[in-house]
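Everything below belongs to protein_22.txt, which stores compact mmCIF, C-alpha atoms and all ligand atoms.
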# COMPACT_ATOMS: atom_id res chain seq x y z
CA MET A 80 86.08 127.12 30.70
CA SER A 81 88.16 127.66 33.75
CA PHE A 82 88.48 124.00 34.67
CA LEU A 83 90.15 123.29 31.34
CA ASP A 84 92.77 125.88 32.18
CA GLY A 85 93.48 123.92 35.31
CA LEU A 86 93.59 120.58 33.54
CA GLU A 87 95.94 121.79 30.85
CA GLN A 88 98.32 123.60 33.14
CA SER A 89 101.54 121.80 33.64
CA ALA A 90 102.79 121.67 37.17
CA HIS A 91 105.04 124.49 38.28
CA PHE A 92 106.67 122.45 40.94
CA THR A 93 109.20 119.77 40.28
CA ALA A 94 108.52 116.25 41.41
CA ALA A 95 111.73 115.12 43.03
CA SER A 96 112.81 111.76 41.77
CA GLY A 97 114.61 109.29 43.95
CA GLU A 98 113.95 111.13 47.19
CA ALA A 99 112.73 109.32 50.25
CA GLY A 100 108.98 109.48 50.45
CA THR A 101 108.40 110.62 46.92
CA GLY A 102 105.32 109.09 45.35
CA PRO A 103 104.31 109.11 41.73
CA THR A 104 104.84 112.34 39.83
CA VAL A 105 101.99 114.72 40.41
CA GLU A 106 100.95 116.29 37.14
CA GLY A 107 98.00 118.28 38.41
CA GLU A 108 97.62 120.84 41.09
CA THR A 109 96.07 119.06 43.99
CA ASP A 110 97.08 117.28 47.12
CA LEU A 111 93.74 115.91 48.07
CA ARG A 112 92.38 112.51 48.94
CA ILE A 113 89.25 111.16 47.28
CA LEU A 114 87.15 108.04 47.86
CA ILE A 115 85.24 106.60 44.90
CA VAL A 116 82.49 104.07 45.65
CA GLU A 117 81.42 102.64 42.29
CA ASP A 118 80.62 99.01 41.43
CA GLU A 119 81.01 99.26 37.64
CA PRO A 120 84.67 98.25 37.19
CA THR A 121 85.19 100.12 33.91
CA LEU A 122 83.76 103.38 35.21
CA GLY A 123 85.42 103.06 38.61
CA ASN A 124 88.87 102.46 37.16
CA GLN A 125 88.45 105.18 34.58
CA LEU A 126 87.48 107.66 37.29
CA ARG A 127 90.37 106.62 39.46
CA ASN A 128 92.88 107.00 36.63
CA THR A 129 91.55 110.40 35.64
CA LEU A 130 91.62 111.71 39.18
CA GLU A 131 95.10 110.34 39.79
CA GLN A 132 96.30 112.03 36.60
CA ASN A 133 94.94 115.24 38.09
CA GLY A 134 97.03 114.74 41.20
CA TYR A 135 94.46 113.35 43.62
CA ALA A 136 95.22 110.42 45.91
CA VAL A 137 92.37 107.99 45.23
CA ASP A 138 90.86 104.97 46.96
CA LEU A 139 88.35 102.92 44.97
CA SER A 140 85.73 100.77 46.63
CA THR A 141 83.30 98.57 44.68
CA ASP A 142 80.54 97.89 47.21
CA GLY A 143 78.56 99.77 49.83
CA GLU A 144 79.83 97.88 52.84
CA ASP A 145 83.52 98.36 52.07
CA GLY A 146 82.88 101.92 50.91
CA HIS A 147 81.07 102.75 54.12
CA TYR A 148 83.92 101.30 56.17
CA LEU A 149 86.56 103.35 54.33
CA GLY A 150 84.53 106.56 54.63
CA SER A 151 84.03 105.94 58.35
CA SER A 152 87.62 105.09 59.16
CA GLU A 153 89.73 107.18 56.79
CA ASP A 154 89.82 110.90 56.15
CA TYR A 155 88.80 112.07 52.70
CA ASP A 156 88.53 115.53 51.21
CA ALA A 157 85.60 114.40 49.07
CA VAL A 158 83.67 111.25 48.14
CA ILE A 159 82.19 110.21 44.80
CA LEU A 160 79.32 107.87 45.58
CA ASP A 161 77.30 105.72 43.19
CA LEU A 162 73.75 105.04 44.40
CA GLY A 163 73.17 101.54 43.03
CA LEU A 164 75.72 99.45 44.95
CA PRO A 165 75.98 95.84 46.13
CA GLU A 166 75.75 95.04 49.87
CA ILE A 167 74.51 98.46 51.03
CA ASP A 168 72.98 100.99 48.62
CA GLY A 169 74.55 104.41 48.24
CA LEU A 170 71.76 106.40 49.90
CA THR A 171 71.95 104.23 53.01
CA VAL A 172 75.76 104.56 53.09
CA LEU A 173 75.47 108.34 52.85
CA GLY A 174 72.89 108.47 55.64
CA MET A 175 75.13 106.32 57.86
CA TRP A 176 78.14 108.60 57.30
CA ARG A 177 76.15 111.72 58.10
CA ARG A 178 74.73 110.18 61.30
CA GLU A 179 78.31 109.29 62.27
CA GLY A 180 79.26 112.93 61.81
CA ARG A 181 81.32 112.40 58.66
CA ASN A 182 81.02 115.76 56.93
CA PHE A 183 83.21 115.41 53.82
CA PRO A 184 81.53 116.68 50.65
CA VAL A 185 79.77 113.90 48.71
CA LEU A 186 79.10 113.95 44.98
CA VAL A 187 76.40 111.41 44.16
CA LEU A 188 76.33 109.58 40.82
CA THR A 189 72.86 108.65 39.64
CA ALA A 190 72.16 106.07 36.96
CA ARG A 191 70.02 108.51 35.02
CA ASP A 192 68.82 112.06 35.26
CA SER A 193 66.21 111.17 37.82
CA TRP A 194 64.59 113.81 39.97
CA SER A 195 63.64 111.33 42.63
CA ASP A 196 67.25 110.09 42.87
CA LYS A 197 68.51 113.65 43.05
CA VAL A 198 66.06 114.69 45.76
CA ALA A 199 66.65 111.54 47.78
CA GLY A 200 70.41 112.06 47.48
CA LEU A 201 70.28 115.65 48.61
CA ASP A 202 67.91 114.71 51.47
CA ALA A 203 70.39 112.07 52.59
CA GLY A 204 73.17 114.66 52.76
CA ALA A 205 74.72 114.80 49.29
CA ASP A 206 76.40 118.07 48.32
CA ASP A 207 76.04 117.68 44.56
CA TYR A 208 75.02 115.07 42.06
CA LEU A 209 75.86 114.07 38.51
CA ALA A 210 73.77 111.90 36.19
CA LYS A 211 75.44 109.17 34.17
CA PRO A 212 76.77 109.36 31.56
CA PHE A 213 78.89 112.40 32.27
CA GLN A 214 82.08 114.04 31.06
CA THR A 215 84.98 113.44 33.43
CA GLU A 216 85.97 117.09 32.96
CA GLU A 217 82.65 118.10 34.45
CA LEU A 218 83.09 115.70 37.33
CA ILE A 219 86.52 117.13 38.10
CA ALA A 220 85.26 120.70 37.90
CA ARG A 221 82.40 119.91 40.29
CA LEU A 222 84.68 118.02 42.62
CA ARG A 223 87.08 120.93 42.74
CA ALA A 224 84.22 123.34 43.49
CA LEU A 225 82.91 121.08 46.26
CA ILE A 226 86.29 120.83 47.94
CA ARG A 227 86.87 124.56 47.66
CA ARG A 228 83.46 125.30 49.15
CA ALA A 229 84.00 122.79 51.95
CA SER A 230 87.30 124.39 52.91
CA GLY A 231 85.76 127.87 52.81
CA ASN A 232 87.78 129.11 49.87
CA THR A 233 86.00 130.78 47.00
CA SER A 234 89.12 131.49 44.97
CA SER A 235 91.72 129.08 43.67
CA GLU A 236 94.41 131.08 45.47
CA LEU A 237 95.33 130.40 49.08
CA THR A 238 97.39 132.92 51.00
CA ALA A 239 99.26 133.12 54.30
CA GLY A 240 101.32 136.25 54.79
CA ASP A 241 103.65 136.58 51.80
CA VAL A 242 103.04 133.01 50.67
CA ARG A 243 100.55 132.45 47.85
CA LEU A 244 99.53 129.10 46.48
CA ASP A 245 97.35 128.75 43.39
CA THR A 246 95.59 125.40 43.56
CA ARG A 247 94.68 125.55 39.89
CA SER A 248 98.14 126.13 38.46
CA GLY A 249 100.19 124.57 41.24
CA ARG A 250 102.20 127.78 41.47
CA VAL A 251 103.65 128.92 44.78
CA THR A 252 105.11 132.39 45.32
CA LEU A 253 106.84 134.12 48.21
CA ALA A 254 106.39 137.90 48.15
CA GLY A 255 105.62 137.55 44.45
CA ALA A 256 108.68 135.48 43.56
CA PRO A 257 108.07 131.92 42.29
CA VAL A 258 109.24 129.15 44.61
CA LYS A 259 109.96 125.63 43.38
CA LEU A 260 108.62 122.88 45.59
CA THR A 261 108.77 119.14 45.12
CA ALA A 262 105.47 117.36 44.67
CA GLN A 263 105.42 116.19 48.29
CA GLU A 264 106.38 119.59 49.66
CA TYR A 265 103.61 121.12 47.58
CA LYS A 266 101.06 118.60 48.84
CA LEU A 267 101.99 119.22 52.45
CA LEU A 268 101.97 123.01 52.12
CA SER A 269 98.68 122.97 50.24
CA TYR A 270 97.03 120.81 52.88
CA LEU A 271 98.18 123.10 55.68
CA MET A 272 97.00 126.15 53.74
CA HIS A 273 93.60 124.57 53.21
CA HIS A 274 93.46 124.19 57.00
CA LYS A 275 95.03 127.50 57.91
CA GLY A 276 94.87 128.33 61.61
CA LYS A 277 94.16 124.74 62.67
CA VAL A 278 96.51 122.22 64.23
CA VAL A 279 97.06 119.32 61.84
CA SER A 280 98.55 116.10 63.18
CA ARG A 281 101.30 114.17 61.43
CA THR A 282 98.92 111.25 61.00
CA GLU A 283 96.38 113.46 59.29
CA LEU A 284 99.07 114.86 57.00
CA ILE A 285 100.27 111.40 56.08
CA GLU A 286 96.72 110.23 55.39
CA HIS A 287 95.98 113.18 53.14
CA ILE A 288 99.25 113.24 51.31
CA TYR A 289 99.67 109.60 50.49
CA ASP A 290 97.24 107.04 49.22
CA GLN A 291 96.63 103.78 51.03
CA ASP A 292 99.50 101.88 49.50
CA PHE A 293 102.16 104.38 50.45
CA ASP A 294 104.76 103.50 53.05
CA ARG A 295 103.68 105.78 55.86
CA ASP A 296 106.74 107.01 57.63
CA SER A 297 105.96 110.03 59.79
CA ASN A 298 109.63 111.08 59.81
CA THR A 299 109.34 112.06 56.17
CA ILE A 300 106.78 114.70 57.16
CA GLU A 301 109.36 116.40 59.38
CA VAL A 302 111.83 116.36 56.49
CA PHE A 303 109.32 118.00 54.17
CA VAL A 304 108.44 120.63 56.79
CA THR A 305 112.12 121.48 57.24
CA ARG A 306 112.58 121.89 53.49
CA ILE A 307 109.48 124.09 53.18
CA ARG A 308 110.77 126.32 55.98
CA LYS A 309 114.09 126.68 54.15
CA LYS A 310 112.29 127.79 51.01
CA LEU A 311 109.50 129.92 52.48
CA GLY A 312 110.79 131.08 55.85
CA ALA A 313 111.28 129.46 59.23
CA ASP A 314 108.04 130.81 60.67
CA VAL A 315 105.71 129.71 57.88
CA ILE A 316 104.86 126.45 59.66
CA THR A 317 104.67 126.20 63.44
CA THR A 318 105.44 122.93 65.19
CA ILE A 319 102.93 122.26 67.96
CA ARG A 320 104.82 119.92 70.23
CA GLY A 321 103.08 116.59 70.62
CA LEU A 322 100.18 117.60 68.38
CA GLY A 323 101.45 118.36 64.91
CA TYR A 324 101.77 121.49 62.81
CA SER A 325 99.89 124.64 62.08
CA LEU A 326 100.17 127.27 59.43
CA ASP A 327 98.91 130.67 60.51
CA ASP A 328 98.44 133.90 58.70
CA PRO A 329 100.73 136.50 60.32
CA ALA A 330 97.94 139.05 59.77
CA ASP A 331 95.71 137.04 62.12
CA GLN A 332 98.29 136.85 64.87
CA PRO A 333 98.82 139.36 67.66
CA ARG A 334 102.05 141.29 67.23
CA GLY A 335 105.05 140.66 69.42
CA CA B 401 76.04 100.98 40.31
How would this structure read if it were set down as structure tokens?
Ligand code: CA
Amino acid sequence: MSFLDGLEQSAHFTAASGEAGTGPTVEGETDLRILIVEDEPTLGNQLRNTLEQNGYAVDLSTDGEDGHYLGSSEDYDAVILDLGLPEIDGLTVLGMWRREGRNFPVLVLTARDSWSDKVAGLDAGADDYLAKPFQTEELIARLRALIRRASGNTSSELTAGDVRLDTRSGRVTLAGAPVKLTAQEYKLLSYLMHHKGKVVSRTELIEHIYDQDFDRDSNTIEVFVTRIRKKLGADVITTIRGLGYSLDDPADQPRG
């Protein structure tokens, strides 16, 4: 039961307390941002709490109209979408997102184990589905698999040169030696490693690292980048002037 290993692992990074820009302590391994659209308050809140305890930044929406708006205007690493929703039903919301080019993975929740719901959901662009009632452990395991698939990673370990990051355990090593990162440093590094070789803007980093309520100060990103460079090497993250940052694998770069 590999997902249980992940859930029970304690974090190997230290959440810095009292530092500027430090959010709640991250107990899990992730840095990722999830939207839940679910109109049952008990289930929605329970899902949110569980995912937050696993280190995800979570937004919860309770109707289709608001949920659609958030999914269209914010960046999420994955969406958990109930089908039976007030205002706009889940299938319609999903179809709208896909027509708008929103390609985040979507896990659909169906009210029962219904084949017609499943087929309709997959036709509308869902990546996976789960029938209620379900175990939250299963939901988290599926969510993790969806995100990993979407980012093209089949293993829980991300690498760039001598840097290795295990998304399951939260462990980071440099040439095999463990490196301690604060929660925010870990989130930032993990996001860049999930998007290795691409330029990531400060705004995107802020959106993925903090949930909606966080005070979004882009200067804190520069501080975190500086600290990561001190710990992992000056060339691990490249500043792309005016655009943001990129993390490249030295093996993919031309020499010289
Ligand atoms: Ca519902």
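By chain and then residue number, the residues within 7 Å of Asp327 (chain A) are Ala239, Lys275 and Gly276 of chain A, counting all atoms listed in the file and disregarding those fewer than 3 positions away in sequence.
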Would you save the residues from that selection as a PDB file, in the frame of the given file, using C-alpha atoms?
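The resulting file, again.pdb, is shown below:
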ATOM      1  CA  ALA A 239      99.260 133.120  54.300  1.00  0.00           C
ATOM      2  CA  LYS A 275      95.030 127.500  57.910  1.00  0.00           C
ATOM      3  CA  GLY A 276      94.870 128.330  61.610  1.00  0.00           C
TER       4      GLY A 276
END
For CA of Leu218 (chain A) and CA of Gly249 (chain A), determine how far apart the two atoms are, in Å to one decimal place. 19.7 Å
For CA of Ser325 (chain A) and CA of Ser230 (chain A), the interatomic separation in Å (one decimal): 15.6 Å
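The closest residue to Val187 (chain A), picked from A:Ala256, A:Leu111, A:Leu160, A:Leu326 and counting only C-alpha atoms, is A:Leu160.
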Dump as JSON lines the rows for residues of chain A within 9 Å of ligand CA 401 (chain B): closest atom pair and distance in Å with one decimal, all atoms listed in the file counted, ordered by chain and rising residue number.
{"residue": "A:Val116", "atom": "CA", "partner": "B:CA401", "partner_atom": "CA", "distance": 8.9}
{"residue": "A:Glu117", "atom": "CA", "partner": "B:CA401", "partner_atom": "CA", "distance": 6.0}
{"residue": "A:Asp118", "atom": "CA", "partner": "B:CA401", "partner_atom": "CA", "distance": 5.1}
{"residue": "A:Glu119", "atom": "CA", "partner": "B:CA401", "partner_atom": "CA", "distance": 5.9}
{"residue": "A:Thr141", "atom": "CA", "partner": "B:CA401", "partner_atom": "CA", "distance": 8.8}
{"residue": "A:Asp142", "atom": "CA", "partner": "B:CA401", "partner_atom": "CA", "distance": 8.8}
{"residue": "A:Asp161", "atom": "CA", "partner": "B:CA401", "partner_atom": "CA", "distance": 5.7}
{"residue": "A:Leu162", "atom": "CA", "partner": "B:CA401", "partner_atom": "CA", "distance": 6.2}
{"residue": "A:Gly163", "atom": "CA", "partner": "B:CA401", "partner_atom": "CA", "distance": 4.0}
{"residue": "A:Leu164", "atom": "CA", "partner": "B:CA401", "partner_atom": "CA", "distance": 4.9}
{"residue": "A:Pro165", "atom": "CA", "partner": "B:CA401", "partner_atom": "CA", "distance": 7.8}
{"residue": "A:Asp168", "atom": "CA", "partner": "B:CA401", "partner_atom": "CA", "distance": 8.9}
{"residue": "A:Gly169", "atom": "CA", "partner": "B:CA401", "partner_atom": "CA", "distance": 8.8}
{"residue": "A:Leu188", "atom": "CA", "partner": "B:CA401", "partner_atom": "CA", "distance": 8.6}
{"residue": "A:Thr189", "atom": "CA", "partner": "B:CA401", "partner_atom": "CA", "distance": 8.3}
{"residue": "A:Ala190", "atom": "CA", "partner": "B:CA401", "partner_atom": "CA", "distance": 7.2}
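Interatomic distance, CA of Ala136 (chain A) against CA of Tyr148 (chain A): 17.8 Å.
Taking all atoms listed in the file, the non-local environment of Phe303 (chain A) within 8 Å (same-chain residues fewer than 2 positions away omitted) comprises Gln263, Glu264, Leu267, Thr299, Ile300, Glu301, Thr305, Arg306 and Ile307 of chain A.
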Counting only C-alpha atoms, figure out which residue out of A:Leu122, A:Ile285, A:Leu311, A:Ile159 gets nearest to Gly323 (chain A). A:Ile285
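With distances restricted to only C-alpha atoms, A:Thr317 is the closest residue to Ser280 (chain A) from A:Thr121, A:Thr261, A:Thr317, A:Thr246.
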Proximity to Val158 (chain A) - best of A:Leu209, A:Met175, A:Ala199, A:Leu222, all atoms listed in the file: A:Leu222
List the spatial neighbours of Leu149 (chain A) as a ChimeraX atom specification - criterion: any atom at most 10 Å away, only C-alpha atoms, same-chain residues fewer than 4 positions off excluded. /A:114,116,138-140,143-145,153-155
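If all atoms listed in the file are the atoms counted, then among A:Lys197, A:Lys259, A:His147, A:Arg112 the closest residue to Glu131 (chain A) is A:Arg112.
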I'd like the contact shell of Arg320 (chain A) - 12 Å cut-off, all atoms listed in the file, skipping same-chain residues fewer than 6 positions apart - returned as a list in words. Val278, Val279, Ser280 and Arg281 of chain A
